[in-house]
$ cat start_31.txt   # compact mmCIF, C-alpha atoms
# COMPACT_ATOMS: atom_id res chain seq x y z
CA MET A 118 12.95 11.82 -18.35
CA ALA A 119 15.77 13.33 -16.23
CA GLY A 120 13.51 15.21 -13.82
CA GLN A 121 10.83 12.52 -13.66
CA ALA A 122 10.02 10.95 -10.28
CA LEU A 123 11.34 7.42 -9.85
CA TYR A 124 7.89 5.83 -9.37
CA ARG A 125 6.74 7.34 -12.68
CA ARG A 126 9.88 6.21 -14.50
CA TRP A 127 9.41 2.67 -13.15
CA ARG A 128 5.66 2.46 -13.63
CA SER A 129 4.68 -0.99 -14.95
CA GLN A 130 4.16 -1.07 -18.74
CA SER A 131 2.91 -4.64 -19.19
CA PHE A 132 1.02 -7.25 -17.20
CA ASP A 133 4.33 -9.08 -16.58
CA GLU A 134 5.68 -6.04 -14.73
CA ILE A 135 2.77 -5.74 -12.27
CA VAL A 136 4.14 -7.00 -8.94
CA GLY A 137 2.09 -9.00 -6.46
CA GLN A 138 -1.25 -9.02 -8.31
CA GLU A 139 -0.94 -12.20 -10.38
CA HIS A 140 -4.56 -13.17 -9.64
CA VAL A 141 -5.71 -9.97 -11.37
CA THR A 142 -3.35 -9.99 -14.36
CA ARG A 143 -4.01 -13.67 -15.09
CA ALA A 144 -7.77 -13.17 -15.13
CA LEU A 145 -7.55 -10.09 -17.37
CA ARG A 146 -5.21 -11.83 -19.81
CA ASN A 147 -7.50 -14.84 -20.07
CA ALA A 148 -10.56 -12.64 -20.60
CA LEU A 149 -8.83 -10.66 -23.36
CA ARG A 150 -7.57 -13.85 -24.99
CA ASP A 151 -11.07 -15.35 -25.02
CA GLY A 152 -12.78 -12.13 -26.17
CA ARG A 153 -14.67 -11.67 -22.88
CA LEU A 154 -14.00 -7.98 -22.38
CA ALA A 155 -16.36 -6.44 -19.81
CA HIS A 156 -17.74 -2.94 -20.32
CA ALA A 157 -17.00 -1.91 -16.70
CA TYR A 158 -14.37 -3.00 -14.18
CA LEU A 159 -13.91 -2.13 -10.51
CA PHE A 160 -10.32 -2.20 -9.26
CA ALA A 161 -10.41 -2.08 -5.45
CA GLY A 162 -7.52 -2.16 -3.01
CA PRO A 163 -4.99 -0.18 -0.96
CA ARG A 164 -3.20 2.77 -2.54
CA GLY A 165 -0.02 2.15 -4.47
CA THR A 166 -0.79 -1.48 -5.33
CA GLY A 167 -1.09 -1.08 -9.12
CA LYS A 168 -4.75 -0.29 -9.83
CA THR A 169 -4.22 2.67 -12.19
CA SER A 170 -1.16 1.07 -13.81
CA THR A 171 -3.18 -2.08 -14.53
CA ALA A 172 -5.98 0.04 -16.00
CA ARG A 173 -3.52 1.73 -18.38
CA ILE A 174 -2.03 -1.62 -19.38
CA LEU A 175 -5.56 -2.87 -20.05
CA ALA A 176 -6.09 0.14 -22.34
CA LYS A 177 -2.84 -0.69 -24.15
CA THR A 178 -3.72 -4.35 -24.58
CA ILE A 179 -7.18 -3.57 -25.95
CA ASN A 180 -5.89 -1.01 -28.46
CA CYS A 181 -2.36 -2.20 -29.31
CA LEU A 182 -1.66 -2.45 -33.04
CA ALA A 183 0.50 -5.58 -32.72
CA GLU A 184 -0.67 -9.17 -33.17
CA PRO A 185 -2.97 -10.32 -30.30
CA GLU A 186 -0.37 -12.59 -28.70
CA ALA A 187 2.20 -9.76 -28.59
CA ARG A 188 -0.02 -7.15 -26.91
CA PRO A 189 0.86 -4.77 -25.42
CA CYS A 190 3.97 -4.33 -27.54
CA ASN A 191 4.92 -0.93 -26.04
CA ARG A 192 6.35 0.02 -29.46
CA CYS A 193 3.36 0.90 -31.64
CA ALA A 194 1.93 4.42 -31.89
CA ILE A 195 -0.99 3.63 -29.55
CA CYS A 196 1.17 2.05 -26.82
CA GLN A 197 3.65 4.91 -26.93
CA ALA A 198 0.87 7.49 -26.78
CA ILE A 199 -0.55 5.83 -23.65
CA THR A 200 2.90 5.59 -22.06
CA GLU A 201 3.46 9.30 -22.69
CA GLY A 202 -0.05 10.25 -21.53
CA ARG A 203 -1.22 11.78 -24.81
CA LEU A 204 -3.81 9.33 -26.16
CA LEU A 205 -7.09 11.21 -26.46
CA ASP A 206 -9.11 7.99 -26.16
CA LEU A 207 -7.73 7.23 -22.69
CA ILE A 208 -9.50 9.58 -20.31
CA GLU A 209 -8.42 9.69 -16.67
CA ILE A 210 -10.72 11.43 -14.21
CA ASP A 211 -9.93 12.16 -10.58
CA ALA A 212 -13.26 11.75 -8.82
CA ALA A 213 -11.92 13.56 -5.75
CA SER A 214 -11.94 16.85 -7.72
CA ASN A 215 -14.81 16.00 -10.09
CA THR A 216 -17.49 14.90 -7.67
CA SER A 217 -20.58 16.70 -8.94
CA VAL A 218 -23.43 15.43 -11.08
CA ASP A 219 -22.53 18.06 -13.72
CA ASP A 220 -19.07 16.47 -14.12
CA VAL A 221 -20.66 13.07 -14.76
CA ARG A 222 -23.25 14.54 -17.13
CA ASP A 223 -20.40 16.10 -19.11
CA LEU A 224 -18.76 12.65 -19.23
CA ARG A 225 -22.04 11.07 -20.44
CA GLU A 226 -22.32 13.57 -23.29
CA LYS A 227 -18.80 12.75 -24.51
CA VAL A 228 -19.09 8.97 -24.08
CA GLY A 229 -21.24 8.70 -27.19
CA PHE A 230 -18.49 10.01 -29.50
CA ARG A 231 -16.49 7.27 -31.19
CA PRO A 232 -12.73 6.89 -30.54
CA SER A 233 -10.53 9.27 -32.52
CA GLU A 234 -7.39 7.07 -32.72
CA ALA A 235 -7.89 3.76 -30.92
CA ARG A 236 -10.33 0.86 -31.21
CA MET A 237 -11.92 1.56 -27.84
CA LYS A 238 -12.26 4.53 -25.51
CA LEU A 239 -11.29 3.76 -21.94
CA TYR A 240 -12.34 5.89 -18.97
CA ILE A 241 -10.36 5.52 -15.74
CA ILE A 242 -12.20 7.08 -12.79
CA ASP A 243 -9.82 7.22 -9.85
CA GLU A 244 -11.07 7.36 -6.24
CA VAL A 245 -14.57 6.78 -7.60
CA HIS A 246 -16.00 6.49 -4.07
CA MET A 247 -15.67 10.30 -3.81
CA LEU A 248 -18.56 10.87 -6.25
CA SER A 249 -21.76 12.32 -4.82
CA ASN A 250 -24.97 10.22 -4.74
CA SER A 251 -26.45 12.19 -7.64
CA ALA A 252 -23.21 11.73 -9.61
CA PHE A 253 -23.37 7.96 -8.98
CA ASN A 254 -26.96 7.90 -10.22
CA ALA A 255 -25.93 9.72 -13.39
CA LEU A 256 -23.00 7.32 -13.91
CA LEU A 257 -25.30 4.34 -13.34
CA LYS A 258 -27.36 5.24 -16.42
CA THR A 259 -24.24 5.08 -18.57
CA LEU A 260 -23.13 1.78 -17.01
CA GLU A 261 -26.58 0.27 -17.66
CA GLU A 262 -26.45 1.02 -21.40
CA PRO A 263 -22.81 1.64 -22.33
CA PRO A 264 -21.83 2.37 -25.93
CA PRO A 265 -20.05 -0.64 -27.50
CA HIS A 266 -16.83 1.33 -28.00
CA VAL A 267 -16.35 2.29 -24.31
CA VAL A 268 -14.79 0.54 -21.30
CA PHE A 269 -14.93 1.95 -17.78
CA VAL A 270 -12.38 1.20 -15.06
CA LEU A 271 -13.43 2.46 -11.64
CA CYS A 272 -10.58 2.55 -9.11
CA THR A 273 -11.12 2.86 -5.37
CA THR A 274 -9.50 2.35 -2.00
CA GLU A 275 -12.95 2.22 -0.33
CA PRO A 276 -15.27 -0.12 -2.25
CA HIS A 277 -17.78 -0.19 0.63
CA ARG A 278 -18.69 3.42 -0.20
CA ILE A 279 -19.83 2.57 -3.74
CA PRO A 280 -23.58 1.95 -4.21
CA ALA A 281 -24.58 -1.68 -4.74
CA THR A 282 -26.32 -0.71 -7.99
CA VAL A 283 -22.96 0.44 -9.41
CA LEU A 284 -21.04 -2.53 -7.99
CA SER A 285 -23.46 -4.98 -9.61
CA ARG A 286 -22.67 -3.61 -13.08
CA CYS A 287 -18.90 -3.97 -12.74
CA GLN A 288 -16.54 -6.90 -12.88
CA ARG A 289 -14.63 -6.58 -9.62
CA PHE A 290 -10.94 -7.25 -8.99
CA ASP A 291 -9.44 -6.85 -5.53
CA PHE A 292 -5.80 -5.75 -5.35
CA HIS A 293 -3.85 -6.97 -2.32
CA ARG A 294 -1.12 -5.33 -0.27
CA ILE A 295 2.20 -6.40 -1.77
CA SER A 296 4.43 -8.62 0.38
CA ASN A 297 7.63 -7.20 1.86
CA ALA A 298 9.64 -9.87 0.03
CA ALA A 299 8.19 -8.87 -3.38
CA ILE A 300 8.74 -5.16 -2.69
CA THR A 301 12.33 -5.77 -1.55
CA GLU A 302 13.13 -7.77 -4.70
CA HIS A 303 11.64 -5.08 -6.94
CA LEU A 304 13.56 -2.31 -5.15
CA LYS A 305 16.77 -4.30 -5.61
CA ARG A 306 16.16 -4.46 -9.39
CA ILE A 307 15.48 -0.72 -9.55
CA ALA A 308 18.57 0.19 -7.49
CA GLU A 309 20.83 -1.95 -9.68
CA ALA A 310 19.35 -0.56 -12.90
CA GLU A 311 19.83 3.00 -11.60
CA GLY A 312 23.49 2.32 -10.75
CA TYR A 313 23.16 2.07 -6.95
CA THR A 314 24.15 -0.61 -4.48
CA ALA A 315 21.94 -1.21 -1.48
CA GLU A 316 22.32 -3.24 1.69
CA PRO A 317 19.61 -5.92 1.87
CA GLU A 318 18.60 -4.64 5.31
CA ALA A 319 18.10 -1.12 3.91
CA LEU A 320 15.73 -2.39 1.21
CA ALA A 321 13.88 -4.53 3.77
CA LEU A 322 13.41 -1.45 6.00
CA ILE A 323 11.98 0.53 3.08
CA ALA A 324 9.62 -2.34 2.23
CA ARG A 325 8.36 -2.54 5.82
CA ALA A 326 7.84 1.24 5.98
CA ALA A 327 5.79 1.13 2.75
CA THR A 328 3.22 -1.22 4.36
CA GLY A 329 2.33 -3.02 1.14
CA SER A 330 2.36 -0.03 -1.23
CA MET A 331 4.82 -0.36 -4.10
CA ARG A 332 4.42 3.29 -5.06
CA ASP A 333 5.32 4.40 -1.52
CA ALA A 334 8.31 2.04 -1.49
CA VAL A 335 9.69 3.38 -4.78
CA SER A 336 9.14 6.98 -3.61
CA LEU A 337 11.09 6.21 -0.43
CA LEU A 338 13.89 4.69 -2.51
CA ASP A 339 13.92 7.92 -4.53
CA GLN A 340 14.49 9.79 -1.26
CA MET A 341 17.52 7.59 -0.59
CA PHE A 342 18.90 8.37 -4.03
CA ALA A 343 18.58 12.09 -3.24
CA TYR A 344 21.26 11.71 -0.57
CA GLY A 345 23.79 11.60 -3.41
CA ASP A 346 25.63 8.47 -2.24
CA ARG A 347 25.80 5.54 -4.64
CA GLU A 348 25.40 3.11 -1.74
CA ILE A 349 22.26 2.87 0.37
CA THR A 350 22.90 1.64 3.90
CA ALA A 351 20.55 0.48 6.64
CA ALA A 352 21.73 3.37 8.84
CA GLN A 353 20.84 5.85 6.08
CA ALA A 354 17.42 4.22 5.62
CA ARG A 355 16.66 4.46 9.34
CA SER A 356 17.72 8.11 9.36
CA VAL A 357 15.53 9.05 6.40
CA LEU A 358 12.55 7.05 7.65
CA GLY A 359 12.86 8.19 11.27
CA MET A 360 13.19 4.56 12.34
CA ILE A 361 15.20 2.82 15.04
CA SER A 362 16.58 -0.71 15.16
CA ASP A 363 14.45 -3.63 16.34
CA GLN A 364 16.92 -4.05 19.21
CA LYS A 365 16.16 -0.54 20.54
CA VAL A 366 12.41 -1.08 20.18
CA GLY A 367 12.89 -4.30 22.13
CA GLU A 368 14.81 -2.50 24.89
CA TRP A 369 12.01 0.06 25.24
CA LEU A 370 9.33 -2.64 25.41
CA ALA A 371 11.42 -4.69 27.85
CA ALA A 372 11.17 -1.72 30.25
CA LEU A 373 7.41 -1.89 29.69
CA ALA A 374 7.34 -5.61 30.51
CA ARG A 375 9.24 -4.91 33.76
CA GLY A 376 6.88 -2.08 34.63
CA ASP A 377 9.86 0.31 34.74
CA VAL A 378 8.14 3.60 33.84
CA ALA A 379 11.16 5.81 34.58
CA ALA A 380 13.50 3.83 32.27
CA GLY A 381 10.85 3.73 29.53
CA LEU A 382 10.19 7.47 29.56
CA ILE A 383 13.90 8.32 29.66
CA LEU A 384 14.57 6.06 26.65
CA LEU A 385 11.59 7.50 24.77
CA ASN A 386 12.84 11.04 25.37
CA ARG A 387 16.33 10.06 24.19
CA LEU A 388 14.94 8.53 20.99
CA VAL A 389 12.91 11.68 20.26
CA ASN A 390 16.01 13.85 20.75
CA GLU A 391 17.87 11.60 18.29
CA GLY A 392 15.26 12.43 15.63
CA VAL A 393 13.04 9.36 15.71
CA GLU A 394 9.66 10.05 14.07
CA LEU A 395 6.96 9.43 16.68
CA ARG A 396 4.36 7.89 14.37
CA GLU A 397 7.05 5.61 12.96
CA LEU A 398 8.04 4.60 16.51
CA ALA A 399 4.39 3.82 17.31
CA ARG A 400 4.15 1.72 14.13
CA GLN A 401 7.36 -0.16 14.98
CA ALA A 402 6.26 -0.76 18.58
CA LEU A 403 2.89 -2.09 17.41
CA ASN A 404 4.52 -4.36 14.86
CA TYR A 405 6.96 -5.63 17.50
CA LEU A 406 4.21 -6.32 20.06
CA ARG A 407 2.14 -8.06 17.38
CA GLU A 408 5.04 -10.39 16.60
CA VAL A 409 5.54 -11.07 20.32
CA LEU A 410 1.84 -11.98 20.48
CA LEU A 411 2.23 -14.35 17.52
CA ILE A 412 5.17 -16.06 19.23
CA GLN A 413 3.21 -16.32 22.48
CA ALA A 414 0.26 -17.84 20.60
CA GLY A 415 2.51 -20.52 19.10
CA GLY A 416 2.95 -19.04 15.63
CA ASP A 417 5.76 -20.19 13.34
CA PRO A 418 8.79 -17.93 14.15
CA SER A 419 10.26 -18.55 10.68
CA LEU A 420 7.44 -16.43 9.23
CA LEU A 421 8.68 -13.35 11.12
CA ASP A 422 10.99 -11.04 9.19
CA VAL A 423 13.54 -10.59 12.02
CA ASP A 424 17.11 -11.68 12.75
CA ALA A 425 18.09 -14.30 15.34
CA ASP A 426 18.97 -11.78 18.09
CA THR A 427 15.64 -9.96 17.72
CA LEU A 428 13.78 -13.29 17.73
CA ASP A 429 15.46 -14.21 21.04
CA GLN A 430 14.51 -10.80 22.43
CA MET A 431 10.88 -11.32 21.34
CA ARG A 432 10.74 -14.78 22.91
CA SER A 433 11.99 -13.29 26.18
CA LEU A 434 9.23 -10.66 26.11
CA ALA A 435 6.60 -13.28 25.24
CA ALA A 436 7.53 -15.11 28.45
CA GLN A 437 7.27 -11.91 30.56
CA PHE A 438 3.81 -10.75 29.37
CA SER A 439 0.52 -12.38 30.27
CA ARG A 440 -1.81 -12.65 27.26
CA PRO A 441 -4.40 -10.13 28.56
CA ARG A 442 -1.70 -7.59 29.43
CA LEU A 443 -0.05 -7.93 26.03
CA VAL A 444 -3.37 -7.55 24.20
CA GLN A 445 -4.25 -4.47 26.25
CA ALA A 446 -0.80 -2.94 25.60
CA ILE A 447 -1.37 -3.37 21.86
CA ARG A 448 -4.74 -1.63 22.18
CA LEU A 449 -3.20 1.28 24.10
CA PHE A 450 -0.43 1.79 21.53
CA SER A 451 -2.95 1.54 18.68
CA GLN A 452 -4.98 4.32 20.29
CA ALA A 453 -1.82 6.40 20.81
CA ALA A 454 -0.89 6.02 17.12
CA VAL A 455 -4.25 7.59 16.18
CA GLU A 456 -3.95 10.38 18.76
CA LEU A 457 -0.42 11.32 17.58
CA ARG A 458 -1.97 13.00 14.52
CA THR A 459 -3.78 15.64 16.57
CA SER A 460 -1.88 15.86 19.86
CA LEU A 461 -0.76 19.35 20.91
CA GLN A 462 2.15 17.77 22.82
CA PRO A 463 3.81 15.48 20.26
CA GLN A 464 5.07 12.61 22.43
CA LEU A 465 2.37 12.71 25.13
CA PRO A 466 0.12 9.98 23.60
CA LEU A 467 3.04 7.53 23.55
CA GLU A 468 4.07 8.47 27.09
CA LEU A 469 0.52 7.93 28.37
CA ALA A 470 0.22 4.61 26.53
CA PHE A 471 3.50 3.44 28.05
CA ILE A 472 2.52 4.50 31.58
CA GLU A 473 -0.92 2.86 31.35
CA ALA A 474 0.48 -0.35 29.84
CA ALA A 475 3.22 -0.52 32.49
CA ALA A 476 0.59 -0.15 35.23
CA LEU A 477 -1.51 -3.08 34.01
CA PRO A 478 -1.74 -6.02 36.44
CA THR A 479 1.26 -8.29 36.02
CA ALA A 480 -0.41 -11.69 35.88
CA GLU A 481 1.52 -14.91 35.44
CA PRO A 482 3.10 -15.24 31.99
CA MET A 483 1.30 -17.62 29.65
CA ALA A 484 3.83 -20.44 29.92
CA ALA A 485 3.64 -20.46 33.72
CA ALA A 486 -0.12 -19.99 33.82
CA SER A 487 -0.74 -22.97 31.57
CA ALA A 488 1.32 -25.16 33.93
CA SER A 489 -0.57 -24.20 37.10
CA PRO A 490 -2.93 -26.87 38.48
CA ALA A 491 -6.65 -26.59 37.87
CA PRO A 492 -8.76 -25.61 40.87
CA SER A 493 -10.32 -28.55 42.70

$ encode --input "start_31.txt" --output "structure tokens"
Amino acid sequence: MAGQALYRRWRSQSFDEIVGQEHVTRALRNALRDGRLAHAYLFAGPRGTGKTSTARILAKTINCLAEPEARPCNRCAICQAITEGRLLDLIEIDAASNTSVDDVRDLREKVGFRPSEARMKLYIIDEVHMLSNSAFNALLKTLEEPPPHVVFVLCTTEPHRIPATVLSRCQRFDFHRISNAAITEHLKRIAEAEGYTAEPEALALIARAATGSMRDAVSLLDQMFAYGDREITAAQARSVLGMISDQKVGEWLAALARGDVAAGLILLNRLVNEGVELRELARQALNYLREVLLIQAGGDPSLLDVDADTLDQMRSLAAQFSRPRLVQAIRLFSQAAVELRTSLQPQLPLELAFIEAAALPTAEPMAAASASPAPS
């Protein structure tokens, strides 16, 4: 266990440990309790939200040797074999590297064999949307007439790419992005259990960077542990993540609101020289502008995950931008975030977005515009 990655060591081992997907775990528990086990499930949702972990827990619960109300016990031979990845009756297939019809035909030939150790065989097909059309057709025949001792769990981040004929034969569960608050709380438990202390702001920064993926969040926490310090600070988190403070993002966007291109480009260049990751800066700027838009539109400020000083800064920007200009700035930065992946000059897309957004017509801010008299 010593060399094992943190996200593997902290992988959920029971339905109670799955974070942020209570709607899925409750439905599965009720179905198992009432004996309504489906022969095929589709787990759809963003990466790192617990799809494969839930599939493994389902395999444990179906096959656990304990009394029904105590499953999964995580102590019996079957549960331990699944935890250690050595149960022959739990077959995990990566569809990204097994896309051909021959791979699925090989699966169909083996499906008919009865389980060697457990009650039921369970096939987990990850990234199932990567299968070819002919492979889907071959899989469909098995899903239409499945052997009674087999359960399929199809996992995907792109359910729209799965044929309707396959979807119609599966019981579908949609996994949601996990909230920042839930990720932060889980990271706090992990840090304490691993013997680390962490500033709340540091954990909140990691949660925001993970964008709803628990696996990404735990992997980022593992990076913090690699620093060797037993305390994780917000400054360390920003350094590792290539982030800057909300205050600095606000200063940069305040130059944009003023139309001060020279100040904006100088500050951008300084941030790059300090080691800020450009795609992370684009993400932070977009998130900041989005929250300014929410404030301008009359959204509840208490729902924003920012401190009082940043909230004041955002309110000031909301008063300086007209709605059309703010919306167009968000579009320009969104486009720049995409172009950053392929740009030959790393910071050029952000520079162009800033220049174009600063040059947009400076109409009256929303508050003033709404107070102007209607034309006669």

$ axis_aligned_box --input "start_31.txt" --around "range 311-328 of chain A" --padding-each-side "5 Å" --output "JSON"
{"center_x": 13.7, "center_y": -1.5, "center_z": -2.8, "size_x": 30.9, "size_y": 18.9, "size_z": 27.6}

$ residues_around --input "start_31.txt" --residues "Thr169 in chain A" --least-positions-apart "5" --cutoff "12 Å" --atoms "all atoms listed in the file" --output "PyMOL selection string"
chain A and resi 125+128-130+135+158-164+174-176+207-211+240-244+270-274+292+332

$ atom_distance --input "start_31.txt" --atom1 "CA of Leu123 in chain A" --atom2 "CA of Leu320 in chain A"
15.4 Å

$ atom_distance --input "start_31.txt" --atom1 "CA of Glu184 in chain A" --atom2 "CA of Val268 in chain A"
20.8 Å

$ closest_residue --input "start_31.txt" --among "A:Met360, A:Ile412, A:Leu403, A:Leu145" --to "Ala470 in chain A" --atoms "all atoms listed in the file"
A:Leu403

$ closest_residue --input "start_31.txt" --among "A:Asp206, A:Arg192, A:Ala122, A:Val283" --to "Leu337 in chain A" --atoms "only C-alpha atoms"
A:Ala122

$ atom_distance --input "start_31.txt" --atom1 "CA of Glu316 in chain A" --atom2 "CA of Val335 in chain A"
15.7 Å

$ residues_around --input "start_31.txt" --residues "Gln452 in chain A" --least-positions-apart "2" --cutoff "12 Å" --atoms "all atoms listed in the file" --output "list in words"
Arg396, Ala399, Arg400, Leu403, Gln445, Ala446, Ile447, Arg448, Leu449, Phe450, Ala454, Val455, Glu456, Leu457, Arg458, Thr459, Ser460, Pro466, Leu467, Leu469, Ala470, Phe471, Glu473 and Ala474 of chain A

$ closest_residue --input "start_31.txt" --among "A:Gly229, A:Pro189, A:Gly329, A:Pro264" --to "Ala157 in chain A" --atoms "only C-alpha atoms"
A:Pro264
